[in-house]
>>> print(open('run_31.cif').read())   # mmCIF, C-alpha atoms
data_entry
#
loop_
_atom_site.label_atom_id
_atom_site.label_comp_id
_atom_site.auth_asym_id
_atom_site.auth_seq_id
_atom_site.Cartn_x
_atom_site.Cartn_y
_atom_site.Cartn_z
CA MET A 1 -46.51 -65.99 55.92
CA ASN A 2 -48.62 -68.44 53.89
CA ARG A 3 -50.22 -71.60 55.22
CA SER A 4 -47.62 -73.91 53.73
CA THR A 5 -44.86 -71.97 55.49
CA VAL A 6 -46.75 -72.20 58.78
CA ARG A 7 -47.12 -75.95 58.34
CA SER A 8 -43.44 -76.29 57.44
CA ASN A 9 -42.35 -74.35 60.53
CA ALA A 10 -44.66 -76.42 62.72
CA VAL A 11 -43.23 -79.66 61.38
CA GLY A 12 -39.71 -78.32 61.86
CA ALA A 13 -40.43 -77.37 65.47
CA GLU A 14 -41.97 -80.78 66.17
CA GLU A 15 -38.94 -82.56 64.74
CA GLN A 16 -36.58 -80.32 66.69
CA GLU A 17 -38.48 -80.96 69.90
CA ALA A 18 -38.44 -84.72 69.36
CA ALA A 19 -34.69 -84.66 68.73
CA LEU A 20 -34.09 -82.55 71.84
CA LEU A 21 -36.17 -84.91 73.96
CA ALA A 22 -34.27 -87.92 72.66
CA ASP A 23 -30.92 -86.36 73.53
CA ILE A 24 -32.09 -85.22 76.96
CA GLU A 25 -33.32 -88.73 77.69
CA ARG A 26 -29.94 -90.23 76.86
CA LEU A 27 -28.21 -87.74 79.13
CA VAL A 28 -30.63 -88.14 82.04
CA ARG A 29 -30.57 -91.93 81.89
CA CYS A 30 -26.81 -91.86 82.44
CA GLU A 31 -26.66 -90.94 86.13
CA SER A 32 -23.76 -88.75 87.21
CA PRO A 33 -23.50 -87.88 90.92
CA SER A 34 -20.56 -85.56 91.48
CA ASP A 35 -18.97 -87.69 94.20
CA ASP A 36 -18.88 -90.87 92.09
CA LEU A 37 -15.91 -90.55 89.73
CA SER A 38 -16.82 -93.71 87.83
CA ALA A 39 -20.35 -92.43 87.22
CA VAL A 40 -19.02 -89.04 86.14
CA ALA A 41 -16.63 -90.76 83.72
CA ARG A 42 -19.48 -92.82 82.23
CA SER A 43 -21.59 -89.70 81.91
CA ALA A 44 -18.76 -87.87 80.17
CA GLU A 45 -18.64 -90.59 77.52
CA THR A 46 -22.39 -90.34 76.99
CA VAL A 47 -22.20 -86.55 76.72
CA ALA A 48 -19.28 -86.88 74.31
CA ARG A 49 -21.23 -89.25 72.05
CA VAL A 50 -24.40 -87.15 72.06
CA GLY A 51 -22.48 -83.96 71.39
CA ALA A 52 -20.31 -85.42 68.64
CA ALA A 53 -23.30 -86.93 66.88
CA ARG A 54 -25.21 -83.66 67.00
CA ILE A 55 -22.42 -81.15 66.26
CA GLY A 56 -20.37 -83.37 63.98
CA ALA A 57 -17.13 -82.87 65.92
CA GLU A 58 -15.31 -84.94 68.49
CA THR A 59 -14.61 -83.55 71.93
CA GLU A 60 -11.41 -83.22 73.91
CA ARG A 61 -11.41 -85.00 77.27
CA VAL A 62 -9.72 -83.04 80.02
CA VAL A 63 -9.14 -85.27 83.06
CA ILE A 64 -8.07 -83.53 86.28
CA ASP A 65 -7.62 -85.54 89.48
CA GLY A 66 -9.64 -88.37 87.97
CA ARG A 67 -12.59 -86.16 86.98
CA THR A 68 -13.59 -85.84 83.33
CA HIS A 69 -14.42 -82.52 81.69
CA LEU A 70 -15.21 -82.07 77.99
CA ARG A 71 -14.18 -79.30 75.63
CA TRP A 72 -15.20 -78.55 72.06
CA ARG A 73 -13.04 -75.75 70.67
CA PHE A 74 -13.60 -74.50 67.14
CA GLY A 75 -10.45 -72.75 65.94
CA GLY A 76 -9.88 -69.07 65.48
CA THR A 77 -9.61 -66.58 68.32
CA PRO A 78 -11.82 -67.65 71.26
CA ARG A 79 -14.77 -65.27 71.36
CA VAL A 80 -17.84 -67.05 72.74
CA LEU A 81 -17.75 -69.56 75.58
CA LEU A 82 -20.75 -71.84 76.15
CA LEU A 83 -20.56 -73.32 79.62
CA GLY A 84 -22.36 -76.19 81.33
CA HIS A 85 -21.84 -79.20 83.58
CA HIS A 86 -22.88 -82.85 83.40
CA ASP A 87 -22.61 -83.81 87.07
CA THR A 88 -25.71 -83.81 89.28
CA VAL A 89 -26.64 -84.07 92.96
CA TRP A 90 -28.60 -87.30 92.42
CA PRO A 91 -27.03 -90.62 93.53
CA VAL A 92 -26.93 -93.65 91.27
CA GLY A 93 -30.27 -95.43 91.57
CA SER A 94 -32.37 -92.27 91.63
CA LEU A 95 -33.90 -93.27 88.29
CA ASP A 96 -35.58 -96.18 90.07
CA ASP A 97 -37.75 -93.77 92.05
CA ARG A 98 -37.80 -90.84 89.62
CA PRO A 99 -37.69 -92.34 86.13
CA PHE A 100 -37.30 -90.26 83.02
CA GLU A 101 -40.71 -89.43 81.61
CA VAL A 102 -42.54 -86.90 79.47
CA ARG A 103 -46.19 -86.44 80.32
CA ASP A 104 -48.62 -83.59 79.74
CA GLY A 105 -45.90 -81.35 78.39
CA VAL A 106 -43.60 -81.84 81.39
CA LEU A 107 -40.27 -83.70 81.33
CA ARG A 108 -39.06 -85.26 84.57
CA GLY A 109 -35.97 -87.12 85.70
CA PRO A 110 -32.98 -86.60 87.99
CA GLY A 111 -30.78 -83.82 86.68
CA CYS A 112 -33.07 -82.90 83.79
CA PHE A 113 -33.47 -79.26 84.86
CA ASP A 114 -30.04 -78.87 86.47
CA MET A 115 -28.77 -79.11 83.84
CA LYS A 116 -28.82 -81.87 81.26
CA ALA A 117 -31.54 -80.25 79.18
CA GLY A 118 -29.25 -77.22 78.88
CA LEU A 119 -26.49 -79.40 77.46
CA ALA A 120 -28.79 -80.79 74.81
CA MET A 121 -29.87 -77.25 73.92
CA ALA A 122 -26.24 -76.20 73.50
CA PHE A 123 -25.57 -79.14 71.17
CA HIS A 124 -28.61 -78.32 69.05
CA ALA A 125 -27.79 -74.62 68.87
CA LEU A 126 -24.25 -75.29 67.66
CA ALA A 127 -25.48 -77.96 65.25
CA ALA A 128 -27.89 -75.45 63.75
CA LEU A 129 -25.15 -72.86 63.33
CA ALA A 130 -22.77 -75.39 61.79
CA GLY A 131 -25.52 -76.47 59.40
CA ALA A 132 -26.48 -72.91 58.50
CA HIS A 133 -23.54 -72.61 56.11
CA PRO A 134 -23.04 -76.07 54.63
CA GLY A 135 -21.23 -74.61 51.68
CA HIS A 136 -18.57 -72.69 53.61
CA SER A 137 -15.26 -72.65 51.81
CA GLY A 138 -11.64 -72.58 52.88
CA SER A 139 -10.47 -73.49 56.33
CA ALA A 140 -12.96 -71.29 58.20
CA HIS A 141 -15.59 -73.20 60.12
CA PRO A 142 -19.00 -71.65 60.91
CA LEU A 143 -18.26 -72.16 64.60
CA ASP A 144 -14.77 -70.65 64.59
CA GLY A 145 -14.36 -68.73 67.83
CA VAL A 146 -16.77 -70.92 69.83
CA THR A 147 -15.75 -73.04 72.80
CA LEU A 148 -18.19 -75.36 74.54
CA LEU A 149 -16.96 -76.48 77.95
CA VAL A 150 -18.85 -79.14 79.91
CA THR A 151 -17.45 -79.75 83.38
CA GLY A 152 -17.94 -82.66 85.75
CA ASP A 153 -17.71 -81.06 89.20
CA GLU A 154 -19.90 -77.95 89.33
CA GLU A 155 -22.19 -79.13 92.10
CA PRO A 156 -19.45 -79.48 94.77
CA GLY A 157 -17.95 -76.11 93.84
CA SER A 158 -15.81 -76.87 90.76
CA PRO A 159 -12.67 -77.85 92.69
CA THR A 160 -10.85 -79.26 89.64
CA SER A 161 -12.41 -77.20 86.84
CA ARG A 162 -12.18 -73.63 88.12
CA GLU A 163 -8.82 -72.85 86.54
CA LEU A 164 -9.95 -74.49 83.31
CA ILE A 165 -13.11 -72.37 83.23
CA GLU A 166 -11.26 -69.15 83.96
CA ARG A 167 -8.64 -69.92 81.33
CA GLU A 168 -11.26 -70.61 78.65
CA ALA A 169 -13.26 -67.49 79.55
CA HIS A 170 -10.34 -65.09 79.60
CA GLY A 171 -10.51 -62.69 76.67
CA CYS A 172 -13.84 -63.95 75.31
CA THR A 173 -16.49 -61.53 74.11
CA ALA A 174 -19.11 -63.34 76.18
CA ALA A 175 -19.77 -66.38 78.32
CA LEU A 176 -23.20 -67.96 77.95
CA VAL A 177 -24.11 -70.29 80.80
CA LEU A 178 -26.60 -73.09 80.13
CA GLU A 179 -27.76 -73.38 83.74
CA ALA A 180 -31.53 -73.64 84.20
CA ALA A 181 -33.60 -70.48 83.90
CA GLY A 182 -35.05 -68.60 86.83
CA PRO A 183 -38.77 -68.43 87.67
CA GLY A 184 -40.89 -67.96 84.57
CA GLY A 185 -37.87 -68.44 82.32
CA ALA A 186 -35.97 -65.43 83.66
CA LEU A 187 -32.33 -65.05 82.70
CA LYS A 188 -29.92 -64.81 85.62
CA THR A 189 -28.05 -61.55 85.33
CA ARG A 190 -26.64 -61.45 88.88
CA ARG A 191 -25.52 -64.17 91.25
CA LYS A 192 -24.16 -63.85 94.74
CA GLY A 193 -20.54 -64.64 95.41
CA VAL A 194 -19.87 -67.58 97.72
CA SER A 195 -17.35 -68.11 100.52
CA ARG A 196 -17.04 -71.28 102.55
CA TYR A 197 -15.30 -71.71 105.87
CA GLU A 198 -14.63 -74.39 108.43
CA VAL A 199 -14.02 -73.35 112.04
CA LEU A 200 -12.04 -75.82 114.17
CA VAL A 201 -12.18 -75.45 117.95
CA ARG A 202 -9.74 -77.13 120.31
CA GLY A 203 -10.44 -77.49 124.03
CA ARG A 204 -9.39 -80.02 126.67
CA ALA A 205 -11.18 -83.19 127.68
CA ALA A 206 -12.19 -84.02 131.26
CA HIS A 207 -14.76 -86.16 133.05
CA SER A 208 -17.95 -84.09 133.06
CA GLY A 209 -19.06 -85.50 136.42
CA LEU A 210 -15.88 -85.91 138.43
CA GLU A 211 -13.82 -82.86 137.45
CA PRO A 212 -15.39 -80.76 134.69
CA GLU A 213 -13.39 -77.73 135.89
CA ARG A 214 -10.23 -79.34 134.51
CA GLY A 215 -11.65 -79.33 131.01
CA VAL A 216 -11.96 -76.62 128.36
CA ASN A 217 -15.36 -77.09 126.75
CA ALA A 218 -15.03 -76.94 122.98
CA THR A 219 -18.81 -77.00 122.57
CA VAL A 220 -19.19 -73.84 124.63
CA GLU A 221 -16.36 -72.17 122.74
CA ALA A 222 -17.99 -73.18 119.46
CA ALA A 223 -21.22 -71.60 120.65
CA HIS A 224 -19.40 -68.31 121.22
CA GLN A 225 -17.95 -68.53 117.73
CA VAL A 226 -21.28 -69.39 116.10
CA MET A 227 -22.87 -66.29 117.60
CA ALA A 228 -19.95 -64.14 116.49
CA VAL A 229 -20.11 -65.54 112.97
CA ALA A 230 -23.88 -65.11 112.67
CA GLY A 231 -23.50 -61.46 113.63
CA THR A 232 -21.31 -60.65 110.63
CA GLY A 233 -24.16 -60.85 108.15
CA ASP A 234 -25.70 -57.65 106.79
CA PRO A 235 -29.34 -58.01 105.69
CA GLY A 236 -29.33 -54.48 104.32
CA ARG A 237 -26.65 -55.40 101.81
CA GLY A 238 -28.00 -58.89 101.18
CA THR A 239 -25.03 -60.52 102.91
CA THR A 240 -25.83 -63.82 104.59
CA VAL A 241 -23.38 -65.59 106.89
CA THR A 242 -24.89 -68.92 107.87
CA PRO A 243 -23.39 -71.47 110.26
CA THR A 244 -24.42 -74.87 108.89
CA CYS A 245 -23.04 -78.33 109.73
CA MET A 246 -21.69 -78.75 113.28
CA ALA A 247 -20.10 -81.52 115.36
CA ALA A 248 -18.58 -81.66 118.83
CA GLY A 249 -17.51 -84.06 121.56
CA THR A 250 -17.18 -87.82 121.86
CA THR A 251 -19.34 -89.12 124.72
CA SER A 252 -22.14 -87.68 126.83
CA ASN A 253 -20.05 -87.68 130.01
CA THR A 254 -16.88 -86.07 128.63
CA VAL A 255 -16.09 -82.36 128.38
CA PRO A 256 -15.60 -81.96 124.61
CA ALA A 257 -12.01 -81.51 123.52
CA SER A 258 -12.89 -80.53 119.97
CA ALA A 259 -15.68 -79.08 117.84
CA ARG A 260 -16.12 -77.87 114.30
CA PHE A 261 -18.72 -76.10 112.18
CA ASP A 262 -19.10 -74.92 108.60
CA ILE A 263 -20.11 -71.49 107.36
CA ASP A 264 -21.83 -70.56 104.10
CA VAL A 265 -21.42 -66.92 103.00
CA ARG A 266 -23.34 -65.22 100.17
CA VAL A 267 -22.62 -61.64 99.03
CA TRP A 268 -23.58 -59.35 96.16
CA ASP A 269 -20.24 -57.58 95.81
CA THR A 270 -16.54 -58.22 96.33
CA ALA A 271 -16.21 -55.51 99.00
CA GLU A 272 -18.60 -57.49 101.21
CA GLN A 273 -16.81 -60.72 100.42
CA ASP A 274 -13.56 -59.14 101.57
CA ARG A 275 -15.16 -57.68 104.72
CA VAL A 276 -16.58 -61.04 105.77
CA ASP A 277 -13.28 -62.75 105.05
CA ARG A 278 -11.48 -60.33 107.37
CA ALA A 279 -14.07 -61.01 110.05
CA MET A 280 -13.57 -64.77 109.72
CA ARG A 281 -9.79 -64.39 109.96
CA GLY A 282 -10.27 -62.25 113.04
CA LEU A 283 -12.11 -64.85 115.12
CA ARG A 284 -10.47 -65.36 118.51
CA ALA A 285 -11.09 -67.87 121.29
CA GLN A 286 -13.20 -66.62 124.22
CA LEU A 287 -12.49 -69.32 126.82
CA PRO A 288 -9.09 -69.53 128.55
CA GLY A 289 -7.18 -72.48 127.14
CA ALA A 290 -9.31 -72.80 123.98
CA ALA A 291 -7.98 -72.32 120.44
CA VAL A 292 -9.73 -71.49 117.19
CA GLU A 293 -8.56 -72.20 113.63
CA VAL A 294 -10.35 -70.93 110.51
CA ARG A 295 -9.97 -72.68 107.16
CA GLY A 296 -11.41 -71.86 103.76
CA GLY A 297 -12.23 -68.56 102.08
CA PRO A 298 -13.93 -67.11 98.99
CA ASN A 299 -15.06 -69.85 96.61
CA ARG A 300 -16.78 -67.88 93.86
CA PRO A 301 -16.72 -64.15 93.11
CA PRO A 302 -20.05 -62.38 92.59
CA LEU A 303 -21.54 -62.42 89.09
CA GLU A 304 -22.39 -58.81 88.44
CA ALA A 305 -24.84 -57.82 85.74
CA SER A 306 -23.86 -57.55 82.07
CA GLN A 307 -26.74 -55.35 81.00
CA ALA A 308 -25.57 -55.12 77.40
CA LEU A 309 -25.76 -58.90 76.98
CA PHE A 310 -29.23 -59.09 78.53
CA ASP A 311 -30.46 -56.20 76.36
CA ARG A 312 -29.11 -57.94 73.28
CA ALA A 313 -30.82 -61.22 74.18
CA SER A 314 -34.06 -59.31 74.80
CA ARG A 315 -33.91 -57.68 71.39
CA ILE A 316 -33.22 -61.00 69.69
CA ALA A 317 -36.16 -62.58 71.51
CA ARG A 318 -38.44 -59.82 70.19
CA GLU A 319 -37.15 -60.28 66.66
CA LEU A 320 -37.82 -64.02 66.90
CA GLY A 321 -41.35 -63.38 68.12
CA LEU A 322 -40.65 -65.00 71.50
CA ALA A 323 -42.12 -63.94 74.82
CA PRO A 324 -40.42 -60.92 76.41
CA LEU A 325 -37.39 -61.87 78.49
CA THR A 326 -37.14 -61.09 82.18
CA GLU A 327 -34.11 -61.08 84.44
CA VAL A 328 -33.53 -62.13 88.02
CA ALA A 329 -30.78 -61.89 90.64
CA VAL A 330 -30.28 -65.11 92.63
CA GLY A 331 -28.39 -66.18 95.72
CA GLY A 332 -27.19 -69.46 94.23
CA ALA A 333 -23.84 -69.53 92.45
CA SER A 334 -22.73 -71.20 89.23
CA ASP A 335 -19.62 -71.46 87.11
CA GLY A 336 -20.76 -68.18 85.57
CA ASN A 337 -19.39 -66.52 88.70
CA PHE A 338 -15.92 -67.60 87.59
CA THR A 339 -16.30 -66.27 84.04
CA ALA A 340 -17.59 -62.95 85.33
CA GLY A 341 -14.76 -62.91 87.86
CA VAL A 342 -12.14 -62.76 85.09
CA GLY A 343 -13.95 -59.86 83.45
CA THR A 344 -15.87 -61.72 80.75
CA PRO A 345 -19.43 -60.42 80.18
CA THR A 346 -21.64 -63.29 81.32
CA LEU A 347 -25.28 -64.19 80.82
CA ASP A 348 -26.64 -67.09 82.87
CA GLY A 349 -29.86 -69.09 82.99
CA LEU A 350 -30.01 -69.70 79.24
CA GLY A 351 -30.92 -73.35 79.74
CA ALA A 352 -34.21 -75.10 80.37
CA VAL A 353 -37.37 -73.50 81.72
CA GLY A 354 -38.96 -75.46 84.55
CA GLY A 355 -38.24 -75.84 88.24
CA GLY A 356 -37.38 -78.07 91.18
CA ALA A 357 -33.59 -78.05 90.93
CA HIS A 358 -32.16 -80.54 93.47
CA ALA A 359 -35.71 -81.45 94.52
CA GLU A 360 -38.08 -84.35 93.93
CA ASP A 361 -40.28 -82.23 91.65
CA GLU A 362 -37.42 -81.37 89.26
CA HIS A 363 -38.93 -80.81 85.83
CA VAL A 364 -38.61 -79.11 82.43
CA LEU A 365 -41.38 -77.48 80.40
CA VAL A 366 -41.20 -79.16 77.01
CA ALA A 367 -42.89 -76.30 75.12
CA GLU A 368 -40.00 -73.96 76.01
CA LEU A 369 -37.19 -76.16 74.72
CA VAL A 370 -37.30 -75.15 71.05
CA PRO A 371 -37.89 -71.42 71.62
CA ARG A 372 -35.04 -71.20 74.10
CA THR A 373 -32.76 -73.09 71.74
CA ARG A 374 -33.67 -70.65 68.96
CA LEU A 375 -32.75 -67.77 71.27
CA LEU A 376 -29.40 -69.35 72.13
CA THR A 377 -28.65 -70.03 68.47
CA ALA A 378 -29.34 -66.46 67.43
CA LEU A 379 -27.38 -65.00 70.33
CA VAL A 380 -24.28 -67.06 69.56
CA ALA A 381 -24.58 -66.24 65.85
CA GLU A 382 -24.70 -62.52 66.56
CA LEU A 383 -21.80 -62.61 68.99
CA LEU A 384 -19.69 -64.43 66.40
CA ARG A 385 -20.37 -61.54 64.03
CA GLU A 386 -18.87 -59.05 66.51
CA PRO A 387 -16.13 -56.97 64.87
CA GLY A 388 -14.35 -57.01 68.24
CA GLY A 389 -14.63 -55.90 71.81
CA CYS A 390 -17.29 -56.51 74.40
CA PRO A 391 -21.00 -56.34 73.65
CA GLY A 392 -22.22 -52.80 74.05
CA ALA A 393 -18.79 -51.24 73.59
CA PRO A 394 -18.44 -48.42 71.01
CA GLY A 395 -18.24 -50.02 67.61
CA GLY A 396 -18.95 -53.44 69.09
CA GLN A 397 -22.61 -53.86 68.25
CA GLY A 398 -21.95 -55.65 65.01
CA ASP A 399 -24.56 -56.48 62.42
CA PRO A 400 -27.60 -57.90 64.24
CA VAL A 401 -28.73 -61.35 63.19
CA ARG A 402 -32.33 -61.22 62.07
CA PRO A 403 -34.68 -64.19 62.51
CA HIS A 404 -34.65 -64.98 58.81
CA GLN A 405 -30.90 -65.52 58.96
CA LEU A 406 -31.24 -68.53 61.23
CA PRO A 407 -31.36 -72.12 59.97
CA ASP A 408 -34.87 -73.09 58.86
CA GLU A 409 -35.41 -75.60 61.64
CA LEU A 410 -34.78 -72.93 64.31
CA GLY A 411 -35.76 -69.65 62.65
#
>>> encode(input="run_31.cif", output="structure tokens")
Amino acid sequence: MNRSTVRSNAVGAEEQEAALLADIERLVRCESPSDDLSAVARSAETVARVGAARIGAETERVVIDGRTHLRWRFGGTPRVLLLGHHDTVWPVGSLDDRPFEVRDGVLRGPGCFDMKAGLAMAFHALAALAGAHPGHSGSAHPLDGVTLLVTGDEEPGSPTSRELIEREAHGCTAALVLEAAGPGGALKTRRKGVSRYEVLVRGRAAHSGLEPERGVNATVEAAHQVMAVAGTGDPGRGTTVTPTCMAAGTTSNTVPASARFDIDVRVWDTAEQDRVDRAMRGLRAQLPGAAVEVRGGPNRPPLEASQALFDRASRIARELGLAPLTEVAVGGASDGNFTAGVGTPTLDGLGAVGGGAHAEDEHVLVAELVPRTRLLTALVAELLREPGGCPGAPGGQGDPVRPHQLPDELG
């Protein structure tokens, strides 16, 4: 490579980085806490404008129970699903204390890492692919077979978007999730499945000083149930069953007539998810006169590894001259659990490199934005060239996309 080519690539990378930063800033500055439907709706419009301007295509707004999701679908048989979300855990006004800023190579701002930078990366990757063949003829579009789905309720568990996600993922060659990367930029090849339960305890009230024996103490019964629940975990299999929020009683001198507590369950495999579910359904009251009701159940299936997809991404990274990829298994769940749950090979953590998700030190490493976007671009391009079937299946390898085949600004 001669010096002029080196200079040209450097200028291209600088321009790409500046454009990515500008788009991320627009997204971060539009706050979008999941529980504020008006804020989520405003954010959806901002995401729609940024995406349309970058990709050159308008989005479809899918509104479910007042919550706005966005879908870009590019004709042909659906083959590659890009998946992200635009809601965050940060309330409106968080920008006052944690303003958007870029300093010393670090980008900060509420929701930047989880996961608005990932959305911008998806827009830029698709824009590069669409621009790679400006002279395409006929009705075929360079992005035929791609669907980009951006949901607005991932943080609270995707209550309105789950069916939409599963429907879009069904039958695809691959689902690529733009959630933030793991430590050191690791891709997330496994995620624990999640179950959530609420245990309701009913007792009987009585005066705790005059005649406590006439009461049935819901707090005591809840304590029995908490201990039973905590004992269903299995550290050897990585299964955690954690009682979390709890409430009981009304006044300090009344035997509590009711109590409740929540349970968070994380498992690596569906057999464990089923075992814990049976244990939850089997809870029985221990005190005479008490009653126990269990609500809830499995929320997300486990995301089990798609080694072929990770191996392919690793090879592409080598061909692009990027740092070697690593993989990590994490306890946190994402919408990738749903895509894997319907049998679609899924690779997660393809978004920003940084840290501090949901924390005050949330940040993105600016130097990794362009390389990771190049990786995403090449991976999508290669998957679109699949002759059919899942990655890694016999005859399904396709013709690998080499670095020189990418658009100049990313290759």
>>> atom_distance(input="run_31.cif", atom1="CA of Ala169 (chain A)", atom2="CA of Arg312 (chain A)")
19.5 Å
>>> resolve_selection(input="run_31.cif", expression="the PyMOL selection byres ((chain A and resi 177) around 6)", output="PyMOL selection string")
chain A and resi 82-83+176+178-179+348
>>> atom_distance(input="run_31.cif", atom1="CA of Leu376 (chain A)", atom2="CA of Ile316 (chain A)")
9.5 Å
>>> closest_residue(input="run_31.cif", among="A:Ala247, A:Ala186, A:Gly289, A:His124", to="Glu15 (chain A)", atoms="all atoms listed in the file")
A:His124
>>> closest_residue(input="run_31.cif", among="A:Val380, A:Ile64, A:Val229, A:Leu187", to="Leu126 (chain A)", atoms="all atoms listed in the file")
A:Val380
>>> residues_around(input="run_31.cif", residues="region 101-109 of chain A", least_positions_apart="5", cutoff="10 Å", atoms="only C-alpha atoms", output="list in words")
Leu21, Ile24, Glu25, Val28, Arg29, Trp90, Ser94, Leu95, Lys116, Ala117, Gly354, Gly356, Glu360, Asp361, Glu362, His363, Val364, Leu365, Val366, Ala367 and Glu368 of chain A
>>> resolve_selection(input="run_31.cif", expression="the PyMOL selection byres ((chain A and resi 340) around 10)", output="PDB file with C-alpha atoms, in the frame of the given file")
ATOM      1  CA  GLU A 166     -11.260 -69.150  83.960  1.00  0.00           C
ATOM      2  CA  ALA A 169     -13.260 -67.490  79.550  1.00  0.00           C
ATOM      3  CA  HIS A 170     -10.340 -65.090  79.600  1.00  0.00           C
ATOM      4  CA  ALA A 174     -19.110 -63.340  76.180  1.00  0.00           C
ATOM      5  CA  ALA A 175     -19.770 -66.380  78.320  1.00  0.00           C
ATOM      6  CA  ARG A 190     -26.640 -61.450  88.880  1.00  0.00           C
ATOM      7  CA  ARG A 191     -25.520 -64.170  91.250  1.00  0.00           C
ATOM      8  CA  ARG A 300     -16.780 -67.880  93.860  1.00  0.00           C
ATOM      9  CA  PRO A 301     -16.720 -64.150  93.110  1.00  0.00           C
ATOM     10  CA  PRO A 302     -20.050 -62.380  92.590  1.00  0.00           C
ATOM     11  CA  LEU A 303     -21.540 -62.420  89.090  1.00  0.00           C
ATOM     12  CA  GLU A 304     -22.390 -58.810  88.440  1.00  0.00           C
ATOM     13  CA  ALA A 305     -24.840 -57.820  85.740  1.00  0.00           C
ATOM     14  CA  SER A 306     -23.860 -57.550  82.070  1.00  0.00           C
ATOM     15  CA  ASP A 335     -19.620 -71.460  87.110  1.00  0.00           C
ATOM     16  CA  GLY A 336     -20.760 -68.180  85.570  1.00  0.00           C
ATOM     17  CA  ASN A 337     -19.390 -66.520  88.700  1.00  0.00           C
ATOM     18  CA  PHE A 338     -15.920 -67.600  87.590  1.00  0.00           C
ATOM     19  CA  THR A 339     -16.300 -66.270  84.040  1.00  0.00           C
ATOM     20  CA  GLY A 341     -14.760 -62.910  87.860  1.00  0.00           C
ATOM     21  CA  VAL A 342     -12.140 -62.760  85.090  1.00  0.00           C
ATOM     22  CA  GLY A 343     -13.950 -59.860  83.450  1.00  0.00           C
ATOM     23  CA  THR A 344     -15.870 -61.720  80.750  1.00  0.00           C
ATOM     24  CA  PRO A 345     -19.430 -60.420  80.180  1.00  0.00           C
ATOM     25  CA  THR A 346     -21.640 -63.290  81.320  1.00  0.00           C
ATOM     26  CA  LEU A 347     -25.280 -64.190  80.820  1.00  0.00           C
TER      27      LEU A 347
END
>>> atom_distance(input="run_31.cif", atom1="CA of Ala257 (chain A)", atom2="CA of Pro298 (chain A)")
28.5 Å
